[in-house]
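Trainee: Have a look at the structure that comes next, please.
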Amino acid sequence: MSGDPGVVVLVVEDDRNIREVICEALAGEGLRVAEAADGEEAVRSARERRPAVVLLDMGLPVLDGAAVADRIRDMYDEPIPVIVVTAGGRAEEISRIRPLAQISKPFDVQHLVAVVSQAVAQPPAPPRGASPQPAES
């Protein structure tokens, strides 16, 4: 896959080794990657540049994953897809933020890359509160 130079995937993971593996794999597919090691850094990064997709660990220092998802989504009119990567638990929080996908740790890197690539390739969702547009014939 050749990435769109304007598309950024925000990888939010506090474990440096896991974050590096994910970032290298996505960059290897031609995707531009921004990374954050904690929730506050993730929100700041998303404010500086709107991510196309957020790959989000739920157990983060400073702000947890659910708070990060809420704050990032509140920044923009169009919804930003969130893919949750977690070691388990937090089912209620995950359900509340309605992620596009959930990937359990430990994960297969190829599967993770495929899920992110598919999310990036999807057309953007309509802005919050907008009526769905009828399909053209």
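Ordered as shown in the structure tokens, chains take letters A, B, and onward, while each chain numbers its residues from 1 and ligands are numbered from 1 in the order shown.
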Please extract the residues of segment 7-117 of chain A with a backbone DSSP assignment of helix (DSSP H, G or I) and present them as a PyMOL selection string.

Mentor: chain A and resi 16-28+39-48+65-75+91-97+109-117

Trainee: Find the residues near Val11 of chain A: any atom within 9 Å, counting only C-alpha atoms, skip ones fewer than 4 places away on the same chain, and give them as a list of chain:residue names.

Mentor: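 That gives A:Arg19, A:Ile22, A:Cys23, A:Val33, A:Ala34, A:Glu35, A:Ala36, A:Ala37, A:Ala42, A:Val53, A:Val54, A:Leu55, A:Leu56, A:Asp57.
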
Trainee: Include C-alpha atoms and write out the residues we just selected as a JSON list (two decimals), in the first residue's frame.

Mentor:
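Final output, selection_36.json:
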[["chain", "number", "residue", "atom", "x", "y", "z"],
["A", 19, "ARG", "CA", 4.78, 1.39, 19.92],
["A", 22, "ILE", "CA", 3.54, -0.79, 15.34],
["A", 23, "CYS", "CA", 5.06, 2.44, 13.97],
["A", 33, "VAL", "CA", 2.71, 7.85, 11.68],
["A", 34, "ALA", "CA", 2.53, 10.15, 14.69],
["A", 35, "GLU", "CA", 3.12, 8.56, 18.06],
["A", 36, "ALA", "CA", 2.23, 9.29, 21.65],
["A", 37, "ALA", "CA", 3.29, 7.56, 24.87],
["A", 42, "ALA", "CA", -2.04, 11.92, 22.22],
["A", 53, "VAL", "CA", -7.18, 6.92, 12.35],
["A", 54, "VAL", "CA", -6.22, 6.57, 16.02],
["A", 55, "LEU", "CA", -4.69, 3.29, 17.15],
["A", 56, "LEU", "CA", -5.36, 3.46, 20.88],
["A", 57, "ASP", "CA", -4.18, 1.51, 23.91]]

Trainee: Could you list, as an NGL selection string, every residue within 7 Å of Gly39 of chain A, counting only C-alpha atoms and ignoring same-chain residues fewer than 2 positions away?

Mentor: :A and (41-43 or 60-65 or 68)

Trainee: Could you tell me how far atom CA of Leu31 of chain A lies from atom CA of Gly88 of chain A, in Å and to one decimal?

Mentor: 26.9 Å

Trainee: What does the structure give for the distance between atom CA of Val21 of chain A and atom CA of Asp108 of chain A, in Å to one decimal?

Mentor: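 Spanning atom CA of Val21 of chain A to atom CA of Asp108 of chain A is a straight-line distance of 10.9 Å.
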
Trainee: Using only C-alpha atoms, which residue out of A:Ile18, A:Glu24, A:Val85, A:Asp77 lies closest to Arg50 of chain A?

Mentor: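 Smallest distance to Arg50 of chain A is found for A:Asp77.
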
Trainee: As an exercise, work out the distance from atom CA of Val12 of chain A to atom CA of Pro51 of chain A in Å and give it to one decimal place.

Mentor: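 Distance between the two atoms: 11.5 Å.
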
Trainee: Would you mind listing what lies within 8 Å of Ala66 of chain A as a ChimeraX atom specification, with only C-alpha atoms counted and same-chain residues fewer than 6 positions away left out?

Mentor: /A:58,93-94,97

Trainee: Between A:Arg96, A:Glu48, A:Ala87, A:Pro81, which has the minimum distance to Ala67 of chain A (counting only C-alpha atoms)?

Mentor: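 Looking at the shortest contact to Ala67 of chain A, the residue is A:Arg96.
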